[in-house]
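Student: Sending over my_file05.txt (compact mmCIF, N, CA and C atoms).
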```txt
# COMPACT_ATOMS: atom_id res chain seq x y z
N MET A 10 112.94 132.83 65.84
CA MET A 10 111.86 133.80 65.76
C MET A 10 110.68 133.30 66.60
N ALA A 11 110.16 134.19 67.44
CA ALA A 11 108.95 133.90 68.20
C ALA A 11 108.24 135.22 68.40
N MET A 12 106.95 135.23 68.16
CA MET A 12 106.12 136.42 68.32
C MET A 12 106.70 137.61 67.54
N GLY A 13 107.30 137.32 66.38
CA GLY A 13 107.83 138.37 65.53
C GLY A 13 109.15 138.95 65.98
N LYS A 14 109.78 138.34 66.97
CA LYS A 14 111.06 138.82 67.47
C LYS A 14 112.12 137.74 67.33
N ALA A 15 113.36 138.16 67.18
CA ALA A 15 114.48 137.21 67.13
C ALA A 15 115.09 137.08 68.53
N TYR A 16 115.41 135.85 68.91
CA TYR A 16 116.01 135.57 70.22
C TYR A 16 117.24 134.70 70.02
N HIS A 17 118.29 134.91 70.86
CA HIS A 17 119.33 133.90 70.96
C HIS A 17 118.65 132.70 71.63
N PRO A 18 118.99 131.48 71.23
CA PRO A 18 118.35 130.32 71.88
C PRO A 18 118.45 130.36 73.40
N ARG A 19 119.60 130.77 73.94
CA ARG A 19 119.78 130.79 75.41
C ARG A 19 118.98 131.91 76.07
N CYS A 20 118.51 132.89 75.29
CA CYS A 20 117.74 134.01 75.82
C CYS A 20 116.23 133.79 75.75
N PHE A 21 115.83 132.76 75.01
CA PHE A 21 114.40 132.47 74.85
C PHE A 21 113.98 131.56 76.00
N THR A 22 113.56 132.17 77.11
CA THR A 22 113.31 131.42 78.35
C THR A 22 111.95 131.75 78.95
N CYS A 23 111.51 130.87 79.81
CA CYS A 23 110.28 131.05 80.57
C CYS A 23 110.47 132.16 81.60
N VAL A 24 109.50 133.07 81.72
CA VAL A 24 109.61 134.16 82.68
C VAL A 24 109.49 133.67 84.13
N VAL A 25 108.95 132.48 84.34
CA VAL A 25 108.76 131.97 85.70
C VAL A 25 109.98 131.16 86.16
N CYS A 26 110.30 130.10 85.41
CA CYS A 26 111.36 129.18 85.87
C CYS A 26 112.70 129.40 85.18
N GLY A 27 112.70 130.17 84.08
CA GLY A 27 113.95 130.46 83.39
C GLY A 27 114.45 129.35 82.48
N CYS A 28 113.67 128.29 82.29
CA CYS A 28 114.12 127.20 81.43
C CYS A 28 114.15 127.66 79.97
N CYS A 29 115.08 127.10 79.22
CA CYS A 29 115.23 127.43 77.81
C CYS A 29 114.06 126.83 77.04
N LEU A 30 113.42 127.65 76.20
CA LEU A 30 112.26 127.20 75.45
C LEU A 30 112.57 126.98 73.97
N ASP A 31 113.84 127.00 73.62
CA ASP A 31 114.23 126.79 72.23
C ASP A 31 113.84 125.38 71.80
N GLY A 32 112.93 125.28 70.85
CA GLY A 32 112.54 123.98 70.30
C GLY A 32 111.52 123.21 71.12
N VAL A 33 110.98 123.81 72.19
CA VAL A 33 109.96 123.12 73.00
C VAL A 33 108.68 123.96 73.02
N PRO A 34 107.54 123.32 73.29
CA PRO A 34 106.29 124.09 73.31
C PRO A 34 106.31 125.18 74.39
N PHE A 35 105.72 126.30 74.06
CA PHE A 35 105.61 127.41 75.00
C PHE A 35 104.29 128.12 74.73
N THR A 36 103.94 129.04 75.61
CA THR A 36 102.75 129.86 75.39
C THR A 36 103.02 131.26 75.92
N VAL A 37 102.12 132.16 75.57
CA VAL A 37 102.28 133.57 75.91
C VAL A 37 101.04 134.02 76.66
N ASP A 38 101.22 134.80 77.73
CA ASP A 38 100.06 135.28 78.48
C ASP A 38 99.53 136.58 77.87
N ALA A 39 98.52 137.16 78.50
CA ALA A 39 97.86 138.36 77.96
C ALA A 39 98.79 139.56 77.90
N THR A 40 99.89 139.54 78.66
CA THR A 40 100.84 140.65 78.65
C THR A 40 102.06 140.34 77.78
N SER A 41 101.95 139.29 76.95
CA SER A 41 103.01 138.86 76.02
C SER A 41 104.24 138.30 76.72
N GLN A 42 104.09 137.84 77.94
CA GLN A 42 105.21 137.17 78.62
C GLN A 42 105.22 135.70 78.22
N ILE A 43 106.42 135.18 78.00
CA ILE A 43 106.59 133.81 77.52
C ILE A 43 106.70 132.85 78.71
N HIS A 44 105.94 131.76 78.64
CA HIS A 44 105.93 130.75 79.71
C HIS A 44 106.13 129.36 79.12
N CYS A 45 106.80 128.49 79.89
CA CYS A 45 106.74 127.07 79.54
C CYS A 45 105.30 126.63 79.83
N ILE A 46 104.86 125.57 79.20
CA ILE A 46 103.46 125.14 79.33
C ILE A 46 103.10 124.85 80.80
N GLU A 47 104.00 124.18 81.50
CA GLU A 47 103.71 123.79 82.89
C GLU A 47 103.52 125.02 83.79
N ASP A 48 104.43 126.00 83.67
CA ASP A 48 104.30 127.20 84.50
C ASP A 48 103.07 128.01 84.13
N PHE A 49 102.74 128.04 82.84
CA PHE A 49 101.53 128.75 82.42
C PHE A 49 100.31 128.14 83.09
N HIS A 50 100.21 126.80 83.06
CA HIS A 50 99.08 126.13 83.71
C HIS A 50 99.08 126.37 85.21
N ARG A 51 100.27 126.28 85.83
CA ARG A 51 100.35 126.49 87.28
C ARG A 51 99.85 127.90 87.65
N LYS A 52 100.19 128.87 86.83
CA LYS A 52 99.87 130.27 87.11
C LYS A 52 98.42 130.62 86.79
N PHE A 53 97.88 130.08 85.70
CA PHE A 53 96.57 130.53 85.22
C PHE A 53 95.46 129.49 85.28
N ALA A 54 95.77 128.25 85.62
CA ALA A 54 94.75 127.20 85.65
C ALA A 54 93.74 127.47 86.77
N PRO A 55 92.50 127.03 86.58
CA PRO A 55 91.54 127.16 87.68
C PRO A 55 92.00 126.33 88.88
N ARG A 56 91.67 126.77 90.07
CA ARG A 56 92.05 126.07 91.30
C ARG A 56 90.91 125.18 91.77
N CYS A 57 91.28 124.03 92.28
CA CYS A 57 90.30 123.08 92.81
C CYS A 57 89.70 123.65 94.11
N SER A 58 88.39 123.61 94.20
CA SER A 58 87.69 124.12 95.37
C SER A 58 88.00 123.31 96.63
N LEU A 59 88.35 122.04 96.47
CA LEU A 59 88.60 121.19 97.64
C LEU A 59 90.06 121.27 98.11
N CYS A 60 91.00 121.01 97.19
CA CYS A 60 92.41 120.94 97.61
C CYS A 60 93.19 122.22 97.37
N GLY A 61 92.65 123.13 96.55
CA GLY A 61 93.32 124.40 96.30
C GLY A 61 94.42 124.37 95.27
N GLN A 62 94.72 123.20 94.72
CA GLN A 62 95.78 123.07 93.72
C GLN A 62 95.25 123.40 92.33
N PRO A 63 96.15 123.84 91.42
CA PRO A 63 95.69 124.13 90.05
C PRO A 63 95.22 122.85 89.36
N ILE A 64 94.21 122.99 88.52
CA ILE A 64 93.72 121.86 87.75
C ILE A 64 94.44 121.89 86.41
N MET A 65 95.43 121.02 86.26
CA MET A 65 96.33 121.01 85.11
C MET A 65 96.29 119.69 84.38
N PRO A 66 96.73 119.68 83.11
CA PRO A 66 96.82 118.39 82.41
C PRO A 66 97.81 117.46 83.12
N GLU A 67 97.55 116.17 83.02
CA GLU A 67 98.49 115.18 83.54
C GLU A 67 99.78 115.26 82.70
N PRO A 68 100.93 114.89 83.27
CA PRO A 68 102.18 114.91 82.48
C PRO A 68 102.01 114.15 81.16
N GLY A 69 102.43 114.78 80.07
CA GLY A 69 102.33 114.17 78.76
C GLY A 69 101.00 114.41 78.06
N GLN A 70 100.04 115.00 78.76
CA GLN A 70 98.73 115.29 78.18
C GLN A 70 98.62 116.77 77.87
N GLU A 71 97.80 117.10 76.89
CA GLU A 71 97.58 118.50 76.56
C GLU A 71 96.26 119.02 77.12
N GLU A 72 95.32 118.11 77.32
CA GLU A 72 94.00 118.49 77.80
C GLU A 72 93.85 118.08 79.27
N THR A 73 92.97 118.78 79.95
CA THR A 73 92.70 118.43 81.34
C THR A 73 91.20 118.27 81.53
N VAL A 74 90.83 117.54 82.56
CA VAL A 74 89.43 117.36 82.88
C VAL A 74 89.18 118.04 84.21
N ARG A 75 88.16 118.90 84.22
CA ARG A 75 87.76 119.50 85.50
C ARG A 75 86.26 119.41 85.59
N ILE A 76 85.80 119.29 86.81
CA ILE A 76 84.37 119.23 87.06
C ILE A 76 83.96 120.57 87.65
N VAL A 77 82.88 121.13 87.14
CA VAL A 77 82.35 122.38 87.67
C VAL A 77 80.97 122.09 88.24
N ALA A 78 80.80 122.39 89.52
CA ALA A 78 79.52 122.21 90.19
C ALA A 78 79.32 123.39 91.14
N LEU A 79 78.15 123.95 91.12
CA LEU A 79 77.83 125.11 91.97
C LEU A 79 78.85 126.24 91.78
N ASP A 80 79.27 126.44 90.53
CA ASP A 80 80.25 127.47 90.17
C ASP A 80 81.60 127.27 90.84
N ARG A 81 81.90 126.05 91.24
CA ARG A 81 83.20 125.71 91.82
C ARG A 81 83.85 124.65 90.95
N SER A 82 85.19 124.68 90.85
CA SER A 82 85.94 123.72 90.04
C SER A 82 86.55 122.65 90.94
N PHE A 83 86.63 121.42 90.40
CA PHE A 83 87.18 120.29 91.15
C PHE A 83 88.04 119.43 90.23
N HIS A 84 89.13 118.84 90.80
CA HIS A 84 89.78 117.72 90.14
C HIS A 84 88.78 116.57 90.15
N VAL A 85 88.89 115.65 89.21
CA VAL A 85 87.99 114.50 89.17
C VAL A 85 88.04 113.74 90.50
N ASN A 86 89.23 113.56 91.07
CA ASN A 86 89.37 112.80 92.31
C ASN A 86 89.01 113.60 93.57
N CYS A 87 88.79 114.91 93.42
CA CYS A 87 88.40 115.75 94.56
C CYS A 87 86.89 116.01 94.59
N TYR A 88 86.18 115.53 93.58
CA TYR A 88 84.74 115.75 93.48
C TYR A 88 84.04 114.70 94.33
N VAL A 89 83.91 115.00 95.62
CA VAL A 89 83.38 114.04 96.59
C VAL A 89 82.25 114.67 97.41
N CYS A 90 81.43 113.81 97.97
CA CYS A 90 80.36 114.25 98.86
C CYS A 90 80.98 114.91 100.09
N GLU A 91 80.48 116.07 100.46
CA GLU A 91 81.02 116.80 101.62
C GLU A 91 80.76 116.07 102.93
N ASP A 92 79.72 115.24 102.97
CA ASP A 92 79.38 114.55 104.22
C ASP A 92 80.11 113.22 104.39
N CYS A 93 80.05 112.36 103.36
CA CYS A 93 80.59 111.00 103.53
C CYS A 93 81.86 110.73 102.73
N GLY A 94 82.23 111.63 101.82
CA GLY A 94 83.47 111.45 101.04
C GLY A 94 83.33 110.55 99.83
N LEU A 95 82.10 110.12 99.48
CA LEU A 95 81.89 109.28 98.31
C LEU A 95 82.34 110.03 97.06
N LEU A 96 83.15 109.37 96.22
CA LEU A 96 83.57 109.96 94.95
C LEU A 96 82.36 110.08 94.04
N LEU A 97 82.08 111.30 93.61
CA LEU A 97 80.92 111.55 92.76
C LEU A 97 81.33 111.52 91.30
N SER A 98 80.37 111.23 90.45
CA SER A 98 80.60 111.26 89.00
C SER A 98 79.25 111.47 88.34
N SER A 99 79.29 111.64 87.04
CA SER A 99 78.03 111.80 86.32
C SER A 99 77.45 110.44 85.93
N GLU A 100 78.20 109.38 86.20
CA GLU A 100 77.76 108.04 85.82
C GLU A 100 77.49 107.20 87.06
N GLY A 101 76.60 106.25 86.94
CA GLY A 101 76.36 105.31 88.04
C GLY A 101 75.24 105.76 88.95
N GLU A 102 74.41 104.85 89.33
CA GLU A 102 73.26 105.14 90.19
C GLU A 102 73.73 105.67 91.55
N GLY A 103 73.20 106.83 91.92
CA GLY A 103 73.52 107.39 93.22
C GLY A 103 74.88 108.05 93.31
N ARG A 104 75.64 108.10 92.22
CA ARG A 104 76.99 108.68 92.27
C ARG A 104 77.01 110.13 91.76
N GLY A 105 75.86 110.63 91.34
CA GLY A 105 75.78 112.00 90.87
C GLY A 105 75.78 112.98 92.03
N CYS A 106 75.79 114.26 91.70
CA CYS A 106 75.76 115.31 92.70
C CYS A 106 74.32 115.71 92.96
N TYR A 107 73.96 115.78 94.23
CA TYR A 107 72.63 116.21 94.66
C TYR A 107 72.83 117.41 95.59
N PRO A 108 73.08 118.60 94.99
CA PRO A 108 73.42 119.77 95.82
C PRO A 108 72.24 120.21 96.69
N LEU A 109 72.59 120.72 97.85
CA LEU A 109 71.58 121.23 98.78
C LEU A 109 72.19 122.38 99.57
N ASP A 110 71.57 123.54 99.50
CA ASP A 110 72.04 124.73 100.23
C ASP A 110 73.52 125.01 99.99
N GLY A 111 73.97 124.87 98.74
CA GLY A 111 75.36 125.17 98.41
C GLY A 111 76.35 124.09 98.76
N HIS A 112 75.88 122.93 99.18
CA HIS A 112 76.76 121.81 99.53
C HIS A 112 76.73 120.76 98.43
N ILE A 113 77.91 120.18 98.16
CA ILE A 113 78.05 119.09 97.19
C ILE A 113 77.80 117.78 97.96
N LEU A 114 76.72 117.08 97.59
CA LEU A 114 76.33 115.88 98.34
C LEU A 114 76.00 114.73 97.40
N CYS A 115 76.15 113.50 97.92
CA CYS A 115 75.69 112.32 97.19
C CYS A 115 74.19 112.19 97.44
N LYS A 116 73.57 111.27 96.74
CA LYS A 116 72.12 111.10 96.82
C LYS A 116 71.67 110.79 98.25
N SER A 117 72.33 109.85 98.91
CA SER A 117 71.86 109.44 100.23
C SER A 117 72.10 110.53 101.28
N CYS A 118 73.21 111.24 101.22
CA CYS A 118 73.46 112.31 102.19
C CYS A 118 72.52 113.49 101.96
N SER A 119 72.20 113.77 100.70
CA SER A 119 71.24 114.83 100.40
C SER A 119 69.87 114.45 100.95
N ALA A 120 69.47 113.21 100.73
CA ALA A 120 68.17 112.73 101.23
C ALA A 120 68.13 112.80 102.76
N ARG A 121 69.24 112.41 103.41
CA ARG A 121 69.30 112.46 104.88
C ARG A 121 69.16 113.89 105.38
N ARG A 122 69.89 114.83 104.72
CA ARG A 122 69.78 116.23 105.14
C ARG A 122 68.37 116.77 104.95
N ILE A 123 67.72 116.38 103.86
CA ILE A 123 66.34 116.83 103.61
C ILE A 123 65.42 116.27 104.69
N GLN A 124 65.62 114.99 105.04
CA GLN A 124 64.83 114.37 106.12
C GLN A 124 65.06 115.11 107.43
N ASP A 125 66.33 115.40 107.74
CA ASP A 125 66.66 116.11 108.99
C ASP A 125 66.01 117.49 109.01
N LEU A 126 66.05 118.20 107.86
CA LEU A 126 65.43 119.53 107.78
C LEU A 126 63.92 119.42 107.96
N SER A 127 63.31 118.41 107.32
CA SER A 127 61.85 118.21 107.43
C SER A 127 61.47 117.92 108.87
N ALA A 128 62.25 117.09 109.55
CA ALA A 128 61.97 116.74 110.95
C ALA A 128 62.10 117.99 111.84
N LYS A 129 63.11 118.80 111.57
CA LYS A 129 63.33 120.02 112.37
C LYS A 129 62.17 120.99 112.15
N ILE A 130 61.71 121.14 110.91
CA ILE A 130 60.60 122.06 110.61
C ILE A 130 59.33 121.59 111.32
N SER A 131 59.06 120.27 111.28
CA SER A 131 57.82 119.77 111.89
C SER A 131 57.86 119.86 113.41
N THR A 132 59.05 119.83 114.01
CA THR A 132 59.13 119.97 115.48
C THR A 132 59.17 121.44 115.89
N ASP A 133 59.53 122.34 114.97
CA ASP A 133 59.56 123.77 115.29
C ASP A 133 58.17 124.39 115.30
N CYS A 134 57.22 123.76 114.63
CA CYS A 134 55.87 124.34 114.49
C CYS A 134 55.00 124.10 115.71
```
How would this structure read if it were set down as structure tokens?
Tutor:
Amino acid sequence: MAMGKAYHPRCFTCVVCGCCLDGVPFTVDATSQIHCIEDFHRKFAPRCSLCGQPIMPEPGQEETVRIVALDRSFHVNCYVCEDCGLLLSSEGEGRGCYPLDGHILCKSCSARRIQDLSAKISTDC
């Protein structure tokens, strides 16, 4: 029995990959289609703004960690400064995000861009 219906074990399968879900964790989407957990995450998980891959739990984990900055989602390892590639985090001096004009930047690259903008403005006048 699943979702109030009876299934033959061999008929209780994922709509994406067709694997048998008898006795294993599964989930149901908004249209009541049955998915294995992995395919459900692949299909519905938020996509990383940098690499484009779904942000899914690691194998064997139920929870996932995603970083949201400037309304964009990132894998922890994809959350890097757009200019220098420094891995950003919420911890550690200078490792936070210092956004500028919609760009994800580290502290020093943000400061450099602000300096460059200030220099350009003062020479334009």
Student: What does the distance between CA of Val74 (chain A) and CA of Ile43 (chain A) come to in Å, to one decimal place?
Tutor: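 CA of Ile43 (chain A) lies at a distance of 24.4 Å from CA of Val74 (chain A).
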Student: I need the residue nearest Gly94 (chain A) from this list: A:Cys115, A:Ala128, A:Cys45, A:Phe21. Use only N, CA and C atoms for the distance.
Tutor: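 Residue with the minimum atom-to-atom distance to Gly94 (chain A): A:Cys115.
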Student: Name the residues in contact with Val33 (chain A) at a cut-off of 12 Å, using only C-alpha atoms, excluding same-chain residues fewer than 6 positions from it; report them as an MDAnalysis selection string.
Tutor: chainID A and resid 11 18 21:23 44:47
Student: Which residue, A:Arg51, A:Ser127, A:Ile64, A:Leu59, has the smallest gap to Tyr88 (chain A) when you use only N, CA and C atoms?
Tutor: A:Leu59
Student: May I ask for the distance between atom N of Ile113 (chain A) and atom N of Ser131 (chain A), given in Å to one decimal place?
Tutor: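 Those two atoms sit 23.0 Å apart.
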Student: Kindly give the distance, in Å, that separates CA of Ile123 (chain A) and CA of Leu109 (chain A), rounded to a single decimal.
Tutor: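 So the answer is 8.4 Å.
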Student: What parts of chain A does DSSP call strand (DSSP E or B)? I'd like the answer as a VMD selection string.
Tutor: chain A and resid 11 14 22 29 35 to 37 43 to 45 56 63 76 to 78 81 to 83 89 96 109 112
Student: Output N, CA and C atoms for every residue in that selection, as a PDB file, in the coordinates of the input.
Tutor:
```pdb
ATOM      1  N   ALA A  11     110.160 134.190  67.440  1.00  0.00           N
ATOM      2  CA  ALA A  11     108.950 133.900  68.200  1.00  0.00           C
ATOM      3  C   ALA A  11     108.240 135.220  68.400  1.00  0.00           C
ATOM      4  N   LYS A  14     109.780 138.340  66.970  1.00  0.00           N
ATOM      5  CA  LYS A  14     111.060 138.820  67.470  1.00  0.00           C
ATOM      6  C   LYS A  14     112.120 137.740  67.330  1.00  0.00           C
ATOM      7  N   THR A  22     113.560 132.170  77.110  1.00  0.00           N
ATOM      8  CA  THR A  22     113.310 131.420  78.350  1.00  0.00           C
ATOM      9  C   THR A  22     111.950 131.750  78.950  1.00  0.00           C
ATOM     10  N   CYS A  29     115.080 127.100  79.220  1.00  0.00           N
ATOM     11  CA  CYS A  29     115.230 127.430  77.810  1.00  0.00           C
ATOM     12  C   CYS A  29     114.060 126.830  77.040  1.00  0.00           C
ATOM     13  N   PHE A  35     105.720 126.300  74.060  1.00  0.00           N
ATOM     14  CA  PHE A  35     105.610 127.410  75.000  1.00  0.00           C
ATOM     15  C   PHE A  35     104.290 128.120  74.730  1.00  0.00           C
ATOM     16  N   THR A  36     103.940 129.040  75.610  1.00  0.00           N
ATOM     17  CA  THR A  36     102.750 129.860  75.390  1.00  0.00           C
ATOM     18  C   THR A  36     103.020 131.260  75.920  1.00  0.00           C
ATOM     19  N   VAL A  37     102.120 132.160  75.570  1.00  0.00           N
ATOM     20  CA  VAL A  37     102.280 133.570  75.910  1.00  0.00           C
ATOM     21  C   VAL A  37     101.040 134.020  76.660  1.00  0.00           C
ATOM     22  N   ILE A  43     106.420 135.180  78.000  1.00  0.00           N
ATOM     23  CA  ILE A  43     106.590 133.810  77.520  1.00  0.00           C
ATOM     24  C   ILE A  43     106.700 132.850  78.710  1.00  0.00           C
ATOM     25  N   HIS A  44     105.940 131.760  78.640  1.00  0.00           N
ATOM     26  CA  HIS A  44     105.930 130.750  79.710  1.00  0.00           C
ATOM     27  C   HIS A  44     106.130 129.360  79.120  1.00  0.00           C
ATOM     28  N   CYS A  45     106.800 128.490  79.890  1.00  0.00           N
ATOM     29  CA  CYS A  45     106.740 127.070  79.540  1.00  0.00           C
ATOM     30  C   CYS A  45     105.300 126.630  79.830  1.00  0.00           C
ATOM     31  N   ARG A  56      91.670 126.770  90.070  1.00  0.00           N
ATOM     32  CA  ARG A  56      92.050 126.070  91.300  1.00  0.00           C
ATOM     33  C   ARG A  56      90.910 125.180  91.770  1.00  0.00           C
ATOM     34  N   PRO A  63      96.150 123.840  91.420  1.00  0.00           N
ATOM     35  CA  PRO A  63      95.690 124.130  90.050  1.00  0.00           C
ATOM     36  C   PRO A  63      95.220 122.850  89.360  1.00  0.00           C
ATOM     37  N   ILE A  76      85.800 119.290  86.810  1.00  0.00           N
ATOM     38  CA  ILE A  76      84.370 119.230  87.060  1.00  0.00           C
ATOM     39  C   ILE A  76      83.960 120.570  87.650  1.00  0.00           C
ATOM     40  N   VAL A  77      82.880 121.130  87.140  1.00  0.00           N
ATOM     41  CA  VAL A  77      82.350 122.380  87.670  1.00  0.00           C
ATOM     42  C   VAL A  77      80.970 122.090  88.240  1.00  0.00           C
ATOM     43  N   ALA A  78      80.800 122.390  89.520  1.00  0.00           N
ATOM     44  CA  ALA A  78      79.520 122.210  90.190  1.00  0.00           C
ATOM     45  C   ALA A  78      79.320 123.390  91.140  1.00  0.00           C
ATOM     46  N   ARG A  81      81.900 126.050  91.240  1.00  0.00           N
ATOM     47  CA  ARG A  81      83.200 125.710  91.820  1.00  0.00           C
ATOM     48  C   ARG A  81      83.850 124.650  90.950  1.00  0.00           C
ATOM     49  N   SER A  82      85.190 124.680  90.850  1.00  0.00           N
ATOM     50  CA  SER A  82      85.940 123.720  90.040  1.00  0.00           C
ATOM     51  C   SER A  82      86.550 122.650  90.940  1.00  0.00           C
ATOM     52  N   PHE A  83      86.630 121.420  90.400  1.00  0.00           N
ATOM     53  CA  PHE A  83      87.180 120.290  91.150  1.00  0.00           C
ATOM     54  C   PHE A  83      88.040 119.430  90.230  1.00  0.00           C
ATOM     55  N   VAL A  89      83.910 115.000  95.620  1.00  0.00           N
ATOM     56  CA  VAL A  89      83.380 114.040  96.590  1.00  0.00           C
ATOM     57  C   VAL A  89      82.250 114.670  97.410  1.00  0.00           C
ATOM     58  N   LEU A  96      83.150 109.370  96.220  1.00  0.00           N
ATOM     59  CA  LEU A  96      83.570 109.960  94.950  1.00  0.00           C
ATOM     60  C   LEU A  96      82.360 110.080  94.040  1.00  0.00           C
ATOM     61  N   LEU A 109      72.590 120.720  97.850  1.00  0.00           N
ATOM     62  CA  LEU A 109      71.580 121.230  98.780  1.00  0.00           C
ATOM     63  C   LEU A 109      72.190 122.380  99.570  1.00  0.00           C
ATOM     64  N   HIS A 112      75.880 122.930  99.180  1.00  0.00           N
ATOM     65  CA  HIS A 112      76.760 121.810  99.530  1.00  0.00           C
ATOM     66  C   HIS A 112      76.730 120.760  98.430  1.00  0.00           C
TER      67      HIS A 112
END
```
Student: Please rebuild region 61-74 of chain A with N, CA, C and O atoms and give the result as an mmCIF file, in the coordinates of the input.
Tutor:
```
data_model
loop_
_atom_site.group_PDB
_atom_site.id
_atom_site.type_symbol
_atom_site.label_atom_id
_atom_site.label_comp_id
_atom_site.auth_asym_id
_atom_site.auth_seq_id
_atom_site.Cartn_x
_atom_site.Cartn_y
_atom_site.Cartn_z
ATOM 1 N N GLY A 61 92.650 123.130 96.550
ATOM 2 C CA GLY A 61 93.320 124.400 96.300
ATOM 3 C C GLY A 61 94.420 124.370 95.270
ATOM 4 O O GLY A 61 95.009 125.402 94.948
ATOM 5 N N GLN A 62 94.720 123.200 94.720
ATOM 6 C CA GLN A 62 95.780 123.070 93.720
ATOM 7 C C GLN A 62 95.250 123.400 92.330
ATOM 8 O O GLN A 62 94.064 123.253 92.058
ATOM 9 N N PRO A 63 96.150 123.840 91.420
ATOM 10 C CA PRO A 63 95.690 124.130 90.050
ATOM 11 C C PRO A 63 95.220 122.850 89.360
ATOM 12 O O PRO A 63 95.776 121.774 89.589
ATOM 13 N N ILE A 64 94.210 122.990 88.520
ATOM 14 C CA ILE A 64 93.720 121.860 87.750
ATOM 15 C C ILE A 64 94.440 121.890 86.410
ATOM 16 O O ILE A 64 94.144 122.740 85.565
ATOM 17 N N MET A 65 95.430 121.020 86.260
ATOM 18 C CA MET A 65 96.330 121.010 85.110
ATOM 19 C C MET A 65 96.290 119.690 84.380
ATOM 20 O O MET A 65 95.908 118.676 84.971
ATOM 21 N N PRO A 66 96.730 119.680 83.110
ATOM 22 C CA PRO A 66 96.820 118.390 82.410
ATOM 23 C C PRO A 66 97.810 117.460 83.120
ATOM 24 O O PRO A 66 98.785 117.929 83.726
ATOM 25 N N GLU A 67 97.550 116.170 83.020
ATOM 26 C CA GLU A 67 98.490 115.180 83.540
ATOM 27 C C GLU A 67 99.780 115.260 82.700
ATOM 28 O O GLU A 67 99.714 115.659 81.540
ATOM 29 N N PRO A 68 100.930 114.890 83.270
ATOM 30 C CA PRO A 68 102.180 114.910 82.480
ATOM 31 C C PRO A 68 102.010 114.150 81.160
ATOM 32 O O PRO A 68 101.455 113.054 81.143
ATOM 33 N N GLY A 69 102.430 114.780 80.070
ATOM 34 C CA GLY A 69 102.330 114.170 78.760
ATOM 35 C C GLY A 69 101.000 114.410 78.060
ATOM 36 O O GLY A 69 100.832 114.057 76.906
ATOM 37 N N GLN A 70 100.040 115.000 78.760
ATOM 38 C CA GLN A 70 98.730 115.290 78.180
ATOM 39 C C GLN A 70 98.620 116.770 77.870
ATOM 40 O O GLN A 70 99.254 117.596 78.510
ATOM 41 N N GLU A 71 97.800 117.100 76.890
ATOM 42 C CA GLU A 71 97.580 118.500 76.560
ATOM 43 C C GLU A 71 96.260 119.020 77.120
ATOM 44 O O GLU A 71 96.098 120.198 77.364
ATOM 45 N N GLU A 72 95.320 118.110 77.320
ATOM 46 C CA GLU A 72 94.000 118.490 77.800
ATOM 47 C C GLU A 72 93.850 118.080 79.270
ATOM 48 O O GLU A 72 94.511 117.168 79.737
ATOM 49 N N THR A 73 92.970 118.780 79.950
ATOM 50 C CA THR A 73 92.700 118.430 81.340
ATOM 51 C C THR A 73 91.200 118.270 81.530
ATOM 52 O O THR A 73 90.414 118.801 80.746
ATOM 53 N N VAL A 74 90.830 117.540 82.560
ATOM 54 C CA VAL A 74 89.430 117.360 82.880
ATOM 55 C C VAL A 74 89.180 118.040 84.210
ATOM 56 O O VAL A 74 89.904 117.814 85.174
#
```
